[in-house]
Every structure is written in structure tokens, then in C-alpha cells.
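Participant: First the structure, which I've put down as C-alpha cells, then a few questions once you've had a look.
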Amino acid sequence: MAASAAVTLALAGCSSDVSGVAEPAGQAGAALPGTSGPGTGGTTEDGAVTGTIEAPLASMLLSPEDFPARYEALVLPDNAVEQATADLDGIPAGASVDPAGCKPPPQTFGPDAAALIVGTDNAARTTISVELARVDRTLDVRESELAECPEVTTTRNGATATVTTTMLPAPPLNADDTMALRQTVTSGNADQTVTQSMLRLVAQVDDVRISATHMSFGDEAPDSAALDQLFTEAVQKVTAAQK
């Protein structure tokens, strides 16, 4: 029962009709020019990934003990990862988007396809989510897609939201590529609007993409120190699995 309640709490922390990340067609994540770490270079000129990390995703994912004490963290079971990932992407299945090419592509879920841990700070109404996903495209491909979708309008069941994406300087880490971006999602009308803010750090090591996302409502500054710490540890754990 405790695990079930924790899953509900984690999903509630990042679930909303107005949540959003501008995700045009393609794999999640991208890299800014000139920010590649040493990595392994497991790519081809057409953006296909050739390197593979054999270790299971679950063995490389952070544990609840890695999170600061104020975050109640839980590794989500496989049947909850898909919904949580859709909440982080901000464009649920069945929603229409404008521009049409900015709708996220289908993603594979299940054992060793995606793994997610969510830490919830109940007092601040914020979450930090760390996801590992198997991908077949490089981050520079994703960067090109994001550049085409700086503002996206989503519509589902008559409700609309505007997702705005701003690219930030990429963190210098030992990975094939890294990127950072900020997203805001605004919904409602002139009388009442809801704003959701996300700060996301992304890296890729061979065929494993690491994403760490801080999500909050309102204009409060994100907990960038905790986000950076968890992102760095997550990337280091995946990099260590190459050996």
C-alpha cells in the first residue's frame, strides 16, 4: 500500500492537463554545438546511434537514497512510466498540436526501454524526475527538431495550452552530448491562467539518454542545485556502466 500511495503522489506531482515540454517529432533530447564530452562517439553521420550499453537501465538508474532528504523519491513501476513520461513531455496521447510537426513520436516502454524515478518536495509543490531511455538517434538530431518548435499550442478535450521552449547553455559533462532547456506551459484564459515551469538537463551516452527535469508551478526559482547534483550523478552512473 505504501508503494502504491507513493506512485500516486509522484504522478500527481507531474500530472496536469497543462503540463508541457515542446517535443516535435523525433527522440527526446538534443545537444548544443560544441558541448560534446569525450563520450564514445557511437554515432554515424546520419544521426543513428551505433554504440550500445549492455547493462540494464534499472541497474543504472538512481535510487531514492540519492535524492536530498526533502524529496520523497520513488522508482516508478513499468506500468506507471508511460503516463509519467507523457506528463513530462506535456503533449498527451490524442492531443492535437500546432505546428503539427511538433507532436512527440511514439516511444517504447517496458523493461529496459525506459526507467524513471521521481522525487517530490511536498512543501514546495515541486518534483525532480530522472529518466533513462533507450534511443536510436543522437542529441544533435533532437536539437534541430526543437529549434523548429520554440512555441507549440496543444489542444485536448477543448482545453488549450501554450508551450514555450528556451535553449540554455549545455552542461559540460563526460557524455557524447548534453543540452539544457527551460519550458513554460501556460493555460487558461485572461481571468485565470496556470503556469507550469520546467528546467530540463539532458545527456546521451551511446544508446542511453539521461534526462533530469525540475517541475514547478508559479514563478519560484527552480532547485537548480539539487537538479544539477542528481543529473551529474545520473550521467556518471551510466558512463561507469560502459566499462
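Naming scheme: A, B, ... for chains in displayed order of the C-alpha cells; residues 1 onward per chain; ligands 1 onward as shown.
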Compile the contact shell of A:Gly218 as a PyMOL selection string: residues with an atom at most 8 Å away, counting only C-alpha atoms, same-chain residues fewer than 4 positions apart removed.
Facilitator: chain A and resi 194-197
Participant: Write the residues of the preceding selection, restricted to N, CA, C and O atoms, as a PDB file, in the first residue's frame.
Facilitator:
ATOM      1  N   VAL A 194      -2.848  29.325 -15.594  1.00  0.00           N
ATOM      2  CA  VAL A 194      -1.985  28.429 -14.829  1.00  0.00           C
ATOM      3  C   VAL A 194      -0.670  28.309 -15.575  1.00  0.00           C
ATOM      4  O   VAL A 194      -0.649  28.077 -16.783  1.00  0.00           O
ATOM      5  N   THR A 195       0.427  28.485 -14.858  1.00  0.00           N
ATOM      6  CA  THR A 195       1.746  28.401 -15.474  1.00  0.00           C
ATOM      7  C   THR A 195       2.546  27.288 -14.828  1.00  0.00           C
ATOM      8  O   THR A 195       2.670  27.226 -13.603  1.00  0.00           O
ATOM      9  N   GLN A 196       3.051  26.424 -15.635  1.00  0.00           N
ATOM     10  CA  GLN A 196       3.929  25.353 -15.166  1.00  0.00           C
ATOM     11  C   GLN A 196       5.316  25.578 -15.755  1.00  0.00           C
ATOM     12  O   GLN A 196       5.443  25.889 -16.947  1.00  0.00           O
ATOM     13  N   SER A 197       6.337  25.433 -14.941  1.00  0.00           N
ATOM     14  CA  SER A 197       7.713  25.677 -15.386  1.00  0.00           C
ATOM     15  C   SER A 197       8.540  24.411 -15.225  1.00  0.00           C
ATOM     16  O   SER A 197       8.425  23.706 -14.215  1.00  0.00           O
TER      17      SER A 197
END
Participant: With only C-alpha atoms as the counted atoms, please give the residues lying no more than 8 Å from A:Ile128, apart from itself and same-chain residues fewer than 2 positions off, as a PyMOL selection string.
Facilitator: chain A and resi 118-120+126+130+212-215+227
Participant: Just to confirm, what's the straight-line distance from atom CA of A:Thr108 to atom CA of A:Ala133 in Å (one decimal)?
Facilitator: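 Result for atom CA of A:Thr108 versus atom CA of A:Ala133: 8.8 Å, one decimal.
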Participant: For atom CA of A:Gln236 and atom CA of A:Ile117, determine how far apart the two atoms are, in Å to one decimal place.
Facilitator: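 Spanning atom CA of A:Gln236 to atom CA of A:Ile117 is a straight-line distance of 16.2 Å.
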Participant: Could you give me the residues within stretch 43-206 of chain A that DSSP places in strand (DSSP E or B), as a PyMOL selection string?
Facilitator: chain A and resi 43+48-49+72-75+96-98+114-121+126-134+137+151-156+159-168+177-188+193-205
Participant: Need the shell around A:Ser59: protein/DNA/RNA residues with any atom at most 10 Å away, counting only C-alpha atoms. Skip same-chain ones fewer than 6 positions apart. Format as number ranges by chain?
Facilitator: A: 112, 115, 237-238, 241
Participant: Could you take the residues named above and write them with all heavy atoms, as a PDB file, in the first residue's frame?
Facilitator:
ATOM      1  N   ASP A 112      13.634  -2.390 -19.625  1.00  0.00           N
ATOM      2  CA  ASP A 112      14.853  -1.977 -20.321  1.00  0.00           C
ATOM      3  C   ASP A 112      14.590  -1.091 -21.532  1.00  0.00           C
ATOM      4  O   ASP A 112      15.472  -0.912 -22.374  1.00  0.00           O
ATOM      5  CB  ASP A 112      15.706  -3.174 -20.742  1.00  0.00           C
ATOM      6  CG  ASP A 112      17.185  -2.793 -20.828  1.00  0.00           C
ATOM      7  OD1 ASP A 112      17.661  -2.080 -19.919  1.00  0.00           O
ATOM      8  OD2 ASP A 112      17.853  -3.191 -21.801  1.00  0.00           O
ATOM      9  N   ALA A 115      13.160   3.857 -17.862  1.00  0.00           N
ATOM     10  CA  ALA A 115      13.123   3.742 -16.405  1.00  0.00           C
ATOM     11  C   ALA A 115      13.069   5.144 -15.822  1.00  0.00           C
ATOM     12  O   ALA A 115      13.711   6.068 -16.342  1.00  0.00           O
ATOM     13  CB  ALA A 115      14.354   2.996 -15.889  1.00  0.00           C
ATOM     14  N   LYS A 237      26.754   7.539 -13.444  1.00  0.00           N
ATOM     15  CA  LYS A 237      26.382   6.129 -13.248  1.00  0.00           C
ATOM     16  C   LYS A 237      26.236   5.418 -14.588  1.00  0.00           C
ATOM     17  O   LYS A 237      26.646   4.259 -14.732  1.00  0.00           O
ATOM     18  CB  LYS A 237      25.072   6.044 -12.447  1.00  0.00           C
ATOM     19  CG  LYS A 237      24.803   4.665 -11.874  1.00  0.00           C
ATOM     20  CD  LYS A 237      23.714   4.721 -10.816  1.00  0.00           C
ATOM     21  CE  LYS A 237      23.518   3.352 -10.175  1.00  0.00           C
ATOM     22  NZ  LYS A 237      22.478   3.380  -9.104  1.00  0.00           N
ATOM     23  N   VAL A 238      25.678   6.106 -15.580  1.00  0.00           N
ATOM     24  CA  VAL A 238      25.546   5.489 -16.905  1.00  0.00           C
ATOM     25  C   VAL A 238      26.927   5.355 -17.559  1.00  0.00           C
ATOM     26  O   VAL A 238      27.245   4.319 -18.164  1.00  0.00           O
ATOM     27  CB  VAL A 238      24.609   6.338 -17.794  1.00  0.00           C
ATOM     28  CG1 VAL A 238      24.626   5.811 -19.238  1.00  0.00           C
ATOM     29  CG2 VAL A 238      23.188   6.303 -17.241  1.00  0.00           C
ATOM     30  N   ALA A 241      28.866   2.419 -16.466  1.00  0.00           N
ATOM     31  CA  ALA A 241      28.370   1.139 -16.962  1.00  0.00           C
ATOM     32  C   ALA A 241      28.956   0.773 -18.315  1.00  0.00           C
ATOM     33  O   ALA A 241      28.803  -0.369 -18.781  1.00  0.00           O
ATOM     34  CB  ALA A 241      26.845   1.160 -17.051  1.00  0.00           C
TER      35      ALA A 241
END
Participant: How many Å lie between atom CA of A:Thr153 and atom CA of A:Arg134, rounded to one decimal?
Facilitator: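 About the pair atom CA of A:Thr153 and atom CA of A:Arg134: they are 27.7 Å apart.
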Participant: If we count only C-alpha atoms, what is near A:Ala180 at a cut-off of 12 Å, once residues fewer than 2 positions away on the same chain are taken out, given as a count of residues only?
Facilitator: 36
Participant: Got a sec: who's within 8 Å of stretch 63-78 of chain A, counting only C-alpha atoms, leaving out chain neighbours fewer than 6 positions off, as number ranges by chain?
Facilitator: A: 6-7, 10, 109-111, 115-122, 127, 226, 230
Participant: Measuring between only C-alpha atoms, which one of A:Leu181, A:Ala175, A:Leu132, A:Ala161 shows the shortest distance to A:Leu62?
Facilitator: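 Selected residue with least distance to A:Leu62: A:Leu132.
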Participant: Residues of stretch 76-183 of chain A classed as alpha helix (DSSP H) by DSSP on the backbone are to be reported as a PDB file with N, CA, C and O atoms, in the first residue's frame.
Facilitator:
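Dumped everything to result.pdb:
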ATOM      1  N   ASP A  78       7.032  -0.289 -14.135  1.00  0.00           N
ATOM      2  CA  ASP A  78       6.940  -0.176 -15.596  1.00  0.00           C
ATOM      3  C   ASP A  78       5.578   0.337 -16.052  1.00  0.00           C
ATOM      4  O   ASP A  78       5.489   1.115 -17.013  1.00  0.00           O
ATOM      5  N   ASN A  79       4.500  -0.082 -15.384  1.00  0.00           N
ATOM      6  CA  ASN A  79       3.171   0.316 -15.846  1.00  0.00           C
ATOM      7  C   ASN A  79       2.831   1.761 -15.524  1.00  0.00           C
ATOM      8  O   ASN A  79       1.786   2.256 -15.939  1.00  0.00           O
ATOM      9  N   ALA A  80       3.697   2.474 -14.796  1.00  0.00           N
ATOM     10  CA  ALA A  80       3.458   3.886 -14.493  1.00  0.00           C
ATOM     11  C   ALA A  80       4.392   4.811 -15.264  1.00  0.00           C
ATOM     12  O   ALA A  80       4.155   6.020 -15.314  1.00  0.00           O
ATOM     13  N   VAL A  81       5.432   4.270 -15.875  1.00  0.00           N
ATOM     14  CA  VAL A  81       6.437   5.096 -16.548  1.00  0.00           C
ATOM     15  C   VAL A  81       5.846   5.807 -17.759  1.00  0.00           C
ATOM     16  O   VAL A  81       6.126   6.988 -17.994  1.00  0.00           O
ATOM     17  N   GLU A  82       5.020   5.128 -18.526  1.00  0.00           N
ATOM     18  CA  GLU A  82       4.482   5.736 -19.742  1.00  0.00           C
ATOM     19  C   GLU A  82       3.661   6.978 -19.423  1.00  0.00           C
ATOM     20  O   GLU A  82       3.801   8.014 -20.072  1.00  0.00           O
ATOM     21  N   GLN A  83       2.775   6.897 -18.414  1.00  0.00           N
ATOM     22  CA  GLN A  83       1.956   8.049 -18.062  1.00  0.00           C
ATOM     23  C   GLN A  83       2.812   9.198 -17.541  1.00  0.00           C
ATOM     24  O   GLN A  83       2.615  10.357 -17.901  1.00  0.00           O
ATOM     25  N   ALA A  84       3.786   8.876 -16.691  1.00  0.00           N
ATOM     26  CA  ALA A  84       4.644   9.921 -16.132  1.00  0.00           C
ATOM     27  C   ALA A  84       5.471  10.598 -17.218  1.00  0.00           C
ATOM     28  O   ALA A  84       5.664  11.816 -17.198  1.00  0.00           O
ATOM     29  N   THR A  85       5.954   9.819 -18.177  1.00  0.00           N
ATOM     30  CA  THR A  85       6.730  10.388 -19.276  1.00  0.00           C
ATOM     31  C   THR A  85       5.876  11.316 -20.127  1.00  0.00           C
ATOM     32  O   THR A  85       6.322  12.390 -20.553  1.00  0.00           O
ATOM     33  N   ALA A  86       4.622  10.929 -20.373  1.00  0.00           N
ATOM     34  CA  ALA A  86       3.715  11.786 -21.137  1.00  0.00           C
ATOM     35  C   ALA A  86       3.474  13.098 -20.401  1.00  0.00           C
ATOM     36  O   ALA A  86       3.406  14.169 -21.006  1.00  0.00           O
ATOM     37  N   ASP A  87       3.368  13.047 -19.080  1.00  0.00           N
ATOM     38  CA  ASP A  87       3.185  14.267 -18.301  1.00  0.00           C
ATOM     39  C   ASP A  87       4.391  15.185 -18.439  1.00  0.00           C
ATOM     40  O   ASP A  87       4.255  16.403 -18.562  1.00  0.00           O
ATOM     41  N   LEU A  88       5.584  14.607 -18.427  1.00  0.00           N
ATOM     42  CA  LEU A  88       6.792  15.408 -18.577  1.00  0.00           C
ATOM     43  C   LEU A  88       6.902  15.982 -19.989  1.00  0.00           C
ATOM     44  O   LEU A  88       7.372  17.099 -20.175  1.00  0.00           O
ATOM     45  N   ASP A  89       6.477  15.217 -20.978  1.00  0.00           N
ATOM     46  CA  ASP A  89       6.506  15.713 -22.360  1.00  0.00           C
ATOM     47  C   ASP A  89       5.480  16.815 -22.571  1.00  0.00           C
ATOM     48  O   ASP A  89       5.659  17.694 -23.407  1.00  0.00           O
ATOM     49  N   LEU A 139      21.675  13.324 -30.022  1.00  0.00           N
ATOM     50  CA  LEU A 139      21.104  14.538 -29.459  1.00  0.00           C
ATOM     51  C   LEU A 139      21.089  15.705 -30.449  1.00  0.00           C
ATOM     52  O   LEU A 139      20.233  16.578 -30.363  1.00  0.00           O
ATOM     53  N   ASP A 140      22.039  15.735 -31.372  1.00  0.00           N
ATOM     54  CA  ASP A 140      22.038  16.840 -32.329  1.00  0.00           C
ATOM     55  C   ASP A 140      20.815  16.777 -33.244  1.00  0.00           C
ATOM     56  O   ASP A 140      20.320  17.814 -33.700  1.00  0.00           O
ATOM     57  N   VAL A 141      20.297  15.582 -33.483  1.00  0.00           N
ATOM     58  CA  VAL A 141      19.061  15.458 -34.250  1.00  0.00           C
ATOM     59  C   VAL A 141      17.920  16.106 -33.481  1.00  0.00           C
ATOM     60  O   VAL A 141      17.106  16.856 -34.035  1.00  0.00           O
ATOM     61  N   ARG A 142      17.869  15.841 -32.193  1.00  0.00           N
ATOM     62  CA  ARG A 142      16.804  16.402 -31.368  1.00  0.00           C
ATOM     63  C   ARG A 142      16.904  17.915 -31.272  1.00  0.00           C
ATOM     64  O   ARG A 142      15.891  18.620 -31.251  1.00  0.00           O
ATOM     65  N   GLU A 143      18.136  18.435 -31.238  1.00  0.00           N
ATOM     66  CA  GLU A 143      18.312  19.884 -31.178  1.00  0.00           C
ATOM     67  C   GLU A 143      17.703  20.562 -32.399  1.00  0.00           C
ATOM     68  O   GLU A 143      17.031  21.594 -32.299  1.00  0.00           O
ATOM     69  N   SER A 144      17.921  19.968 -33.578  1.00  0.00           N
ATOM     70  CA  SER A 144      17.365  20.541 -34.799  1.00  0.00           C
ATOM     71  C   SER A 144      15.839  20.564 -34.754  1.00  0.00           C
ATOM     72  O   SER A 144      15.199  21.519 -35.193  1.00  0.00           O
ATOM     73  N   GLU A 145      15.244  19.509 -34.198  1.00  0.00           N
ATOM     74  CA  GLU A 145      13.792  19.440 -34.093  1.00  0.00           C
ATOM     75  C   GLU A 145      13.258  20.492 -33.122  1.00  0.00           C
ATOM     76  O   GLU A 145      12.265  21.173 -33.396  1.00  0.00           O
ATOM     77  N   LEU A 146      13.911  20.642 -31.992  1.00  0.00           N
ATOM     78  CA  LEU A 146      13.478  21.626 -31.004  1.00  0.00           C
ATOM     79  C   LEU A 146      13.582  23.047 -31.547  1.00  0.00           C
ATOM     80  O   LEU A 146      12.759  23.902 -31.235  1.00  0.00           O
ATOM     81  N   ALA A 147      14.595  23.297 -32.367  1.00  0.00           N
ATOM     82  CA  ALA A 147      14.770  24.634 -32.925  1.00  0.00           C
ATOM     83  C   ALA A 147      13.594  25.033 -33.809  1.00  0.00           C
ATOM     84  O   ALA A 147      13.318  26.229 -33.981  1.00  0.00           O
TER      85      ALA A 147
END
Participant: Calculated over only C-alpha atoms, which of the candidates A:Gly51, A:Gly158, A:Pro150, A:Gly188 has the smallest distance to A:Ala95?
Facilitator: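 With only C-alpha atoms as the atom set, the closest residue is A:Gly158.
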